[in-house]
$ cat model.txt   # compact mmCIF, C-alpha atoms and all ligand atoms
# COMPACT_ATOMS: atom_id res chain seq x y z
CA MET H 1 107.26 -1.37 -55.29
CA THR H 2 110.34 -1.86 -53.14
CA LEU H 3 110.63 -0.69 -49.60
CA GLU H 4 113.06 2.16 -48.99
CA ASP H 5 115.02 3.09 -45.93
CA PHE H 6 113.36 3.77 -42.57
CA GLY H 7 109.88 3.25 -41.09
CA LEU H 8 107.77 3.48 -37.95
CA GLY H 9 104.79 1.60 -36.56
CA LEU H 10 101.52 3.42 -37.25
CA ARG H 11 99.71 4.50 -34.07
CA SER H 12 96.31 6.15 -34.04
CA GLN H 13 97.43 8.80 -31.52
CA HIS H 14 99.97 9.96 -34.11
CA PHE H 15 97.45 10.44 -36.96
CA PRO H 16 97.25 14.24 -36.43
CA GLU H 17 101.01 14.72 -36.98
CA ILE H 18 101.21 12.21 -39.84
CA LEU H 19 98.17 13.55 -41.69
CA GLY H 20 98.72 17.23 -40.88
CA ASP H 21 100.06 19.83 -43.27
CA ASP H 22 103.54 20.16 -41.75
CA PRO H 23 105.94 17.94 -43.77
CA ILE H 24 108.63 18.51 -41.13
CA SER H 25 106.69 16.34 -38.69
CA THR H 26 107.34 13.19 -40.76
CA ASP H 27 110.81 14.19 -41.92
CA GLY H 28 112.90 11.04 -42.37
CA VAL H 29 109.97 8.61 -42.12
CA ASP H 30 109.78 6.70 -45.41
CA TRP H 31 107.04 4.16 -44.61
CA PHE H 32 104.73 2.85 -41.90
CA GLN H 33 103.98 -0.59 -40.53
CA ILE H 34 100.41 -1.46 -39.60
CA LEU H 35 99.40 -4.27 -37.28
CA SER H 36 97.24 -6.37 -39.60
CA GLU H 37 94.83 -7.46 -36.85
CA ASN H 38 93.93 -3.82 -36.13
CA PHE H 39 92.45 -3.43 -39.62
CA ILE H 40 91.03 -6.82 -40.61
CA ASP H 41 87.22 -6.45 -40.97
CA VAL H 42 87.46 -2.90 -39.60
CA GLY H 43 85.84 0.15 -41.17
CA GLY H 44 85.00 3.66 -40.04
CA PRO H 45 87.42 6.36 -38.93
CA PRO H 46 90.42 4.07 -38.12
CA MET H 47 90.34 2.54 -41.61
CA ARG H 48 89.79 5.94 -43.27
CA SER H 49 92.74 7.47 -41.42
CA MET H 50 94.99 4.51 -42.19
CA MET H 51 94.07 4.67 -45.89
CA ALA H 52 94.80 8.42 -45.84
CA VAL H 53 98.27 7.56 -44.53
CA ARG H 54 98.47 4.93 -47.29
CA GLU H 55 97.94 7.66 -49.88
CA ARG H 56 101.10 9.38 -48.65
CA PHE H 57 103.34 6.53 -47.56
CA PRO H 58 104.10 2.89 -48.45
CA ILE H 59 102.64 0.49 -45.87
CA VAL H 60 103.85 -2.90 -44.67
CA MET H 61 101.49 -5.30 -42.93
CA HIS H 62 102.71 -7.12 -39.82
CA GLY H 63 100.63 -9.76 -38.03
CA VAL H 64 100.67 -11.51 -34.67
CA SER H 65 97.89 -14.11 -35.01
CA MET H 66 98.73 -16.38 -37.93
CA SER H 67 100.16 -19.05 -35.61
CA ILE H 68 102.22 -20.48 -38.43
CA GLY H 69 103.81 -23.09 -36.15
CA SER H 70 100.60 -24.38 -34.60
CA THR H 71 99.35 -27.92 -35.20
CA ASP H 72 95.78 -26.60 -35.51
CA LEU H 73 94.69 -26.17 -39.12
CA LEU H 74 95.47 -22.74 -40.55
CA ASP H 75 92.64 -20.34 -39.76
CA MET H 76 91.21 -19.77 -43.25
CA GLU H 77 88.83 -17.07 -42.02
CA TYR H 78 91.79 -15.12 -40.67
CA LEU H 79 93.76 -15.67 -43.88
CA GLN H 80 90.84 -14.51 -46.04
CA GLY H 81 90.55 -11.39 -43.88
CA LEU H 82 94.28 -10.79 -44.21
CA ASN H 83 94.04 -11.27 -47.95
CA ALA H 84 91.12 -8.83 -48.24
CA LEU H 85 93.09 -6.25 -46.24
CA ALA H 86 96.14 -6.78 -48.45
CA ASP H 87 93.99 -6.27 -51.57
CA LYS H 88 92.84 -2.96 -50.12
CA VAL H 89 96.15 -1.70 -48.73
CA GLN H 90 98.48 -3.16 -51.38
CA PRO H 91 101.29 -3.45 -48.81
CA VAL H 92 104.91 -3.61 -49.87
CA GLN H 93 105.43 -6.58 -47.55
CA ILE H 94 103.37 -8.93 -45.34
CA SER H 95 104.95 -10.59 -42.33
CA ASP H 96 104.19 -12.55 -39.16
CA HIS H 97 106.25 -14.39 -36.57
CA LEU H 98 107.97 -17.78 -36.53
CA CYS H 99 106.05 -19.05 -33.52
CA TRP H 100 102.72 -20.50 -32.45
CA THR H 101 99.96 -18.58 -30.69
CA VAL H 102 96.86 -20.76 -31.03
CA ALA H 103 96.03 -24.20 -29.61
CA HIS H 104 92.61 -25.88 -29.80
CA GLY H 105 91.19 -22.67 -31.21
CA VAL H 106 92.34 -20.50 -28.29
CA ASN H 107 94.61 -17.55 -29.12
CA MET H 108 97.03 -17.01 -26.22
CA HIS H 109 98.26 -13.70 -27.65
CA ASP H 110 101.84 -14.75 -26.97
CA LEU H 111 104.49 -15.53 -29.54
CA LEU H 112 105.45 -18.98 -28.27
CA PRO H 113 108.61 -20.89 -29.27
CA LEU H 114 108.78 -23.98 -31.46
CA PRO H 115 110.97 -27.08 -31.11
CA MET H 116 113.73 -26.52 -33.66
CA THR H 117 113.63 -29.87 -35.47
CA GLU H 118 113.53 -31.06 -39.07
CA GLU H 119 109.94 -32.13 -38.45
CA THR H 120 109.02 -28.55 -37.47
CA VAL H 121 110.88 -27.18 -40.49
CA ASP H 122 108.75 -29.35 -42.79
CA HIS H 123 105.56 -28.50 -40.90
CA VAL H 124 106.09 -24.72 -40.95
CA ALA H 125 107.42 -24.61 -44.50
CA THR H 126 104.32 -26.47 -45.75
CA ARG H 127 102.06 -24.00 -43.97
CA VAL H 128 103.98 -20.97 -45.29
CA ARG H 129 103.48 -22.28 -48.82
CA GLN H 130 99.73 -22.58 -48.10
CA VAL H 131 99.70 -18.98 -46.81
CA GLN H 132 101.52 -17.74 -49.90
CA ASP H 133 98.99 -19.58 -52.08
CA VAL H 134 96.06 -17.88 -50.32
CA LEU H 135 97.68 -14.44 -50.33
CA GLY H 136 99.14 -14.75 -53.83
CA ARG H 137 102.07 -12.83 -52.38
CA ARG H 138 105.47 -13.59 -50.94
CA PHE H 139 105.36 -13.90 -47.16
CA ILE H 140 107.99 -12.89 -44.59
CA LEU H 141 108.78 -14.68 -41.30
CA GLU H 142 110.24 -12.85 -38.28
CA ASN H 143 112.46 -14.33 -35.57
CA THR H 144 110.96 -13.89 -32.09
CA SER H 145 112.49 -13.42 -28.64
CA THR H 146 112.46 -16.68 -26.68
CA TYR H 147 112.85 -17.63 -23.05
CA VAL H 148 112.92 -21.44 -23.15
CA THR H 149 114.39 -24.09 -25.41
CA PHE H 150 113.39 -27.72 -26.06
CA GLU H 151 115.41 -30.85 -25.35
CA GLU H 152 114.34 -31.98 -28.82
CA ASP H 153 116.10 -29.04 -30.56
CA GLU H 154 118.29 -30.28 -33.40
CA MET H 155 119.66 -26.98 -34.68
CA MET H 156 120.39 -23.37 -33.79
CA GLU H 157 117.72 -20.74 -34.36
CA TRP H 158 119.47 -19.14 -37.33
CA GLU H 159 119.62 -22.54 -39.02
CA PHE H 160 115.96 -23.16 -38.19
CA ILE H 161 114.59 -19.93 -39.70
CA SER H 162 116.96 -20.10 -42.68
CA GLU H 163 115.98 -23.68 -43.50
CA ILE H 164 112.23 -22.93 -43.22
CA CYS H 165 112.45 -19.87 -45.45
CA ALA H 166 114.58 -21.70 -48.02
CA CYS H 167 112.15 -24.69 -48.06
CA ALA H 168 109.05 -22.48 -48.21
CA ASP H 169 110.54 -19.94 -50.62
CA CYS H 170 109.70 -17.01 -48.35
CA ASP H 171 111.73 -14.14 -46.88
CA ILE H 172 113.10 -13.19 -43.46
CA LEU H 173 112.32 -10.22 -41.24
CA LEU H 174 115.32 -9.96 -38.96
CA ASP H 175 114.48 -8.48 -35.56
CA VAL H 176 117.89 -7.42 -34.26
CA ASN H 177 116.52 -6.75 -30.77
CA ASN H 178 115.06 -10.27 -30.68
CA ILE H 179 118.43 -11.73 -31.67
CA TYR H 180 120.06 -9.74 -28.87
CA VAL H 181 117.43 -10.83 -26.31
CA SER H 182 117.51 -14.54 -27.24
CA ALA H 183 121.32 -14.61 -27.50
CA PHE H 184 121.56 -13.23 -23.95
CA ASN H 185 118.83 -15.50 -22.56
CA HIS H 186 120.24 -18.68 -24.09
CA GLY H 187 123.94 -17.83 -24.16
CA PHE H 188 124.51 -18.14 -27.91
CA SER H 189 126.51 -15.77 -30.09
CA ALA H 190 124.56 -12.97 -31.77
CA ASP H 191 127.46 -12.62 -34.22
CA ALA H 192 127.11 -16.30 -35.18
CA TYR H 193 123.39 -15.70 -35.70
CA LEU H 194 124.06 -12.84 -38.13
CA ALA H 195 126.73 -14.86 -39.92
CA GLY H 196 124.32 -17.78 -40.37
CA ILE H 197 121.46 -15.87 -41.98
CA PRO H 198 121.27 -15.98 -45.80
CA LYS H 199 121.75 -12.40 -46.91
CA ALA H 200 119.49 -12.64 -49.96
CA LEU H 201 116.39 -13.52 -47.89
CA VAL H 202 116.47 -10.60 -45.41
CA LYS H 203 113.94 -7.98 -46.52
CA GLN H 204 113.30 -5.96 -43.37
CA ILE H 205 114.92 -5.24 -39.98
CA HIS H 206 113.17 -4.45 -36.68
CA LEU H 207 114.70 -2.49 -33.82
CA ALA H 208 113.16 -2.08 -30.36
CA GLY H 209 113.83 -1.65 -26.67
CA HIS H 210 113.68 -4.31 -23.96
CA GLU H 211 113.76 -4.86 -20.21
CA HIS H 212 117.06 -6.11 -18.80
CA ASN H 213 116.59 -8.00 -15.54
CA GLY H 214 120.19 -8.97 -14.87
CA ASP H 215 120.07 -12.69 -15.59
CA HIS H 216 117.43 -12.51 -18.34
CA ILE H 217 115.95 -10.01 -20.79
CA ILE H 218 112.26 -9.55 -21.60
CA ASP H 219 111.27 -8.22 -25.03
CA THR H 220 108.95 -5.38 -24.06
CA HIS H 221 109.04 -2.83 -26.92
CA ASP H 222 108.44 -0.15 -24.30
CA ALA H 223 111.69 1.83 -24.36
CA PRO H 224 114.18 3.47 -26.73
CA ILE H 225 116.59 1.12 -28.53
CA PRO H 226 119.52 0.33 -26.19
CA LYS H 227 123.08 1.00 -27.37
CA ASP H 228 123.95 -2.72 -27.41
CA VAL H 229 121.11 -3.38 -29.87
CA LEU H 230 122.22 -0.47 -32.06
CA ASP H 231 125.78 -1.87 -32.02
CA LEU H 232 124.40 -5.22 -33.18
CA TYR H 233 122.39 -3.40 -35.88
CA VAL H 234 125.60 -1.88 -37.24
CA LYS H 235 127.09 -5.38 -37.48
CA ALA H 236 123.91 -6.58 -39.20
CA ILE H 237 123.99 -3.94 -41.92
CA GLN H 238 127.74 -4.34 -42.36
CA ARG H 239 127.05 -7.98 -43.21
CA LEU H 240 123.69 -7.64 -44.98
CA GLY H 241 123.99 -4.23 -46.62
CA HIS H 242 121.16 -1.74 -46.60
CA ILE H 243 117.91 -3.31 -45.40
CA PRO H 244 114.68 -1.34 -44.77
CA THR H 245 114.61 -0.79 -41.01
CA MET H 246 111.88 0.20 -38.56
CA ILE H 247 111.47 0.97 -34.88
CA GLU H 248 108.82 -1.02 -33.01
CA ARG H 249 107.30 0.70 -30.00
CA ASP H 250 104.21 -0.99 -28.55
CA ALA H 251 104.02 0.41 -25.00
CA ASN H 252 104.99 3.68 -23.30
CA ILE H 253 104.43 5.19 -26.72
CA PRO H 254 106.06 8.64 -26.82
CA PRO H 255 104.99 11.69 -28.82
CA PHE H 256 105.44 11.20 -32.56
CA ALA H 257 108.29 13.72 -32.74
CA GLU H 258 110.32 11.66 -30.28
CA LEU H 259 110.02 8.51 -32.43
CA VAL H 260 110.91 10.52 -35.54
CA ARG H 261 114.06 11.77 -33.77
CA GLU H 262 114.95 8.22 -32.71
CA LEU H 263 114.48 7.06 -36.32
CA GLN H 264 116.67 9.89 -37.59
CA GLY H 265 119.33 8.67 -35.13
CA VAL H 266 119.04 5.14 -36.53
CA ARG H 267 119.49 6.54 -40.05
CA SER H 268 122.65 8.40 -38.99
CA ILE H 269 124.03 5.23 -37.39
CA ALA H 270 123.21 3.19 -40.49
CA GLU H 271 124.80 5.71 -42.84
CA GLY H 272 127.90 5.89 -40.65
CA GLY H 273 128.13 2.15 -40.11
CA GLN H 274 127.92 0.82 -43.66
FE FE R 301 109.86 -7.37 -34.33
$ encode --input "model.txt" --output "structure tokens"
Amino acid sequence: MTLEDFGLGLRSQHFPEILGDDPISTDGVDWFQILSENFIDVGGPPMRSMMAVRERFPIVMHGVSMSIGSTDLLDMEYLQGLNALADKVQPVQISDHLCWTVAHGVNMHDLLPLPMTEETVDHVATRVRQVQDVLGRRFILENTSTYVTFEEDEMMEWEFISEICACADCDILLDVNNIYVSAFNHGFSADAYLAGIPKALVKQIHLAGHEHNGDHIIDTHDAPIPKDVLDLYVKAIQRLGHIPTMIERDANIPPFAELVRELQGVRSIAEGGQ
């Protein structure tokens, strides 16, 4: 199955609209993203509702706890849980972030940056191949927002993620908001980032809002997508062509109808911008 067009993150408070009888309420929503950790080893009503959504819509799985960049061994228990969930959900795609979150067994629940070196490329690519072996599926890595860089960095971020995904034979989830945030925070060109990403590997795009604090931006996912991010999205699809796109909203979550309207706006922009 391939992923079509436009999606939203699945939120339990929106189950009534999504699973109700009024097709208008999901008009223009082609698929949903679930947060993998919310459904690993989970049963009962949340799982039943999610699987009811799965009967009507394609699902992608998106994780935050794989810690692909960590020097701890990969958490096989987590991976087996992820694999069991994937067997049940049969997602169109499975992704997590190019970052580290765990050290000495402690999950910091933050998507922390990696030194962008050849050594890290080899390290992460090896681990992605291990993940793909366990899952028996192609894996997708997402660029994160970052706030610090390392003196050891040997390459730009777009080179880093491209090299890892080429070495590991995996795909890229391009978060356009994260490119915008990191470009502003570190003073690099977002246009150069887009130009440096191998088109064939990009399988999904994320859009989100952020918090602009004047001299730095925090990636908060708590607001509508700002115009500057939408402008960068237009440039992204002009270069990459049509890529399945979703809105991430993780805080200040509005009524479902508001997100559907925002997604319909993204669709109009995409159709006008290509
Ligand atoms: Fe994202």
$ closest_residue --input "model.txt" --among "H:Ala270, H:Met155, H:Leu201, H:Ile243" --to "Leu230 (chain H)" --atoms "only C-alpha atoms"
H:Ala270
$ residues_near_point --input "model.txt" --point "(96.7, -1.2, -37.8)" --cutoff "10 Å" --atoms "all atoms listed in the file" --output "VMD selection string"
chain H and resid 9 to 12 32 to 40 42 46 to 47 50 61 to 63
$ closest_atom_pairs --input "model.txt" --of "region 206-274 of chain H" --to "region 170-181 of chain H" --cutoff "7 Å" --atoms "only C-alpha atoms" --output "CSV"
residue,atom,partner,partner_atom,distance
H:His206,CA,H:Asp175,CA,4.4
H:Leu207,CA,H:Asn177,CA,5.5
H:Ala208,CA,H:Asn177,CA,5.8
H:Ile217,CA,H:Val181,CA,5.8
H:Asp219,CA,H:Val181,CA,6.8
H:Val229,CA,H:Asn177,CA,5.8
H:Leu232,CA,H:Val176,CA,7.0
H:Tyr233,CA,H:Val176,CA,6.2
$ residues_around --input "model.txt" --residues "Ala166 (chain H)" --least-positions-apart "4" --cutoff "12 Å" --atoms "all atoms listed in the file" --output "count of residues only"
22
$ axis_aligned_box --input "model.txt" --around "region 123-133 of chain H" --padding-each-side "8 Å" --output "JSON"
{"center_x": 103.2, "center_y": -23.1, "center_z": -46.5, "size_x": 24.4, "size_y": 26.8, "size_z": 27.2}
$ residues_around --input "model.txt" --residues "Ile253 (chain H)" --least-positions-apart "3" --cutoff "12 Å" --atoms "only C-alpha atoms" --output "list in words"
Leu8, Gly9, Leu10, Arg11, Ser12, Gln13, His14, Ala208, Gly209, Thr220, His221, Asp222, Ala223, Pro224, Ile247, Glu248, Arg249, Asp250, Phe256, Ala257, Glu258 and Leu259 of chain H
$ closest_residue --input "model.txt" --among "H:Leu85, H:Leu135, H:Ile218, H:Met66" --to "Gly105 (chain H)" --atoms "only C-alpha atoms"
H:Met66
$ residues_around --input "model.txt" --residues "Gly28 (chain H)" --least-positions-apart "3" --cutoff "8 Å" --atoms "all atoms listed in the file" --output "short mmCIF file (atom, residue, chain, number, x, y, z; two decimals) with C-alpha atoms, keeping the file's coordinate frame"
data_model
loop_
_atom_site.label_atom_id
_atom_site.label_comp_id
_atom_site.auth_asym_id
_atom_site.auth_seq_id
_atom_site.Cartn_x
_atom_site.Cartn_y
_atom_site.Cartn_z
CA PHE H 6 113.36 3.77 -42.57
CA VAL H 260 110.91 10.52 -35.54
CA LEU H 263 114.48 7.06 -36.32
CA GLN H 264 116.67 9.89 -37.59
#
$ closest_residue --input "model.txt" --among "H:Ala168, H:Ile59, H:Val134, H:Leu114" --to "Asp153 (chain H)" --atoms "only C-alpha atoms"
H:Leu114
$ atom_distance --input "model.txt" --atom1 "CA of Asp96 (chain H)" --atom2 "CA of Met156 (chain H)"
20.2 Å
$ atom_distance --input "model.txt" --atom1 "CA of Gln132 (chain H)" --atom2 "CA of Tyr147 (chain H)"
29.1 Å
$ closest_residue --input "model.txt" --among "H:Asp72, H:Asp27, H:Glu142, H:Asp110" --to "ligand FE 301 (chain R)" --atoms "all atoms listed in the file"
H:Glu142
$ closest_residue --input "model.txt" --among "H:Glu211, H:Ser65, H:Gly272, H:Pro58" --to "His109 (chain H)" --atoms "all atoms listed in the file"
H:Ser65
$ atom_distance --input "model.txt" --atom1 "CA of Thr120 (chain H)" --atom2 "CA of Cys165 (chain H)"
12.3 Å
$ closest_residue --input "model.txt" --among "H:Asp22, H:Pro226, H:Leu112, H:His104" --to "Thr149 (chain H)" --atoms "only C-alpha atoms"
H:Leu112
$ build_atoms --input "model.txt" --residues "region 136-152 of chain H" --atoms "N, CA and C atoms" --output "short mmCIF file (atom, residue, chain, number, x, y, z; two decimals), in the coordinates of the input"
data_model
loop_
_atom_site.label_atom_id
_atom_site.label_comp_id
_atom_site.auth_asym_id
_atom_site.auth_seq_id
_atom_site.Cartn_x
_atom_site.Cartn_y
_atom_site.Cartn_z
N GLY H 136 98.62 -15.07 -52.49
CA GLY H 136 99.14 -14.75 -53.83
C GLY H 136 100.29 -13.77 -53.75
N ARG H 137 100.94 -13.75 -52.60
CA ARG H 137 102.07 -12.83 -52.38
C ARG H 137 103.16 -13.56 -51.61
N ARG H 138 104.36 -13.03 -51.70
CA ARG H 138 105.47 -13.59 -50.94
C ARG H 138 105.29 -13.19 -49.48
N PHE H 139 105.57 -14.11 -48.59
CA PHE H 139 105.36 -13.90 -47.16
C PHE H 139 106.73 -13.76 -46.48
N ILE H 140 106.73 -13.11 -45.31
CA ILE H 140 107.99 -12.89 -44.59
C ILE H 140 107.83 -13.39 -43.15
N LEU H 141 108.80 -14.16 -42.67
CA LEU H 141 108.78 -14.68 -41.30
C LEU H 141 109.79 -13.93 -40.44
N GLU H 142 109.37 -13.58 -39.22
CA GLU H 142 110.24 -12.85 -38.28
C GLU H 142 110.68 -13.75 -37.14
N ASN H 143 111.96 -13.66 -36.78
CA ASN H 143 112.46 -14.33 -35.57
C ASN H 143 111.91 -13.64 -34.32
N THR H 144 111.52 -14.45 -33.33
CA THR H 144 110.96 -13.89 -32.09
C THR H 144 112.01 -13.94 -30.97
N SER H 145 111.72 -13.25 -29.88
CA SER H 145 112.49 -13.42 -28.64
C SER H 145 111.98 -14.67 -27.95
N THR H 146 112.91 -15.47 -27.39
CA THR H 146 112.46 -16.68 -26.68
C THR H 146 113.10 -16.76 -25.30
N TYR H 147 112.46 -17.55 -24.46
CA TYR H 147 112.85 -17.63 -23.05
C TYR H 147 113.08 -19.06 -22.60
N VAL H 148 112.67 -20.03 -23.44
CA VAL H 148 112.92 -21.44 -23.15
C VAL H 148 113.39 -22.12 -24.44
N THR H 149 114.04 -23.26 -24.26
CA THR H 149 114.39 -24.09 -25.41
C THR H 149 113.85 -25.49 -25.16
N PHE H 150 113.91 -26.36 -26.18
CA PHE H 150 113.39 -27.72 -26.06
C PHE H 150 114.54 -28.72 -26.09
N GLU H 151 114.40 -29.78 -25.30
CA GLU H 151 115.41 -30.85 -25.35
C GLU H 151 115.50 -31.44 -26.74
N GLU H 152 114.38 -31.37 -27.48
CA GLU H 152 114.34 -31.98 -28.82
C GLU H 152 115.08 -31.15 -29.88
#
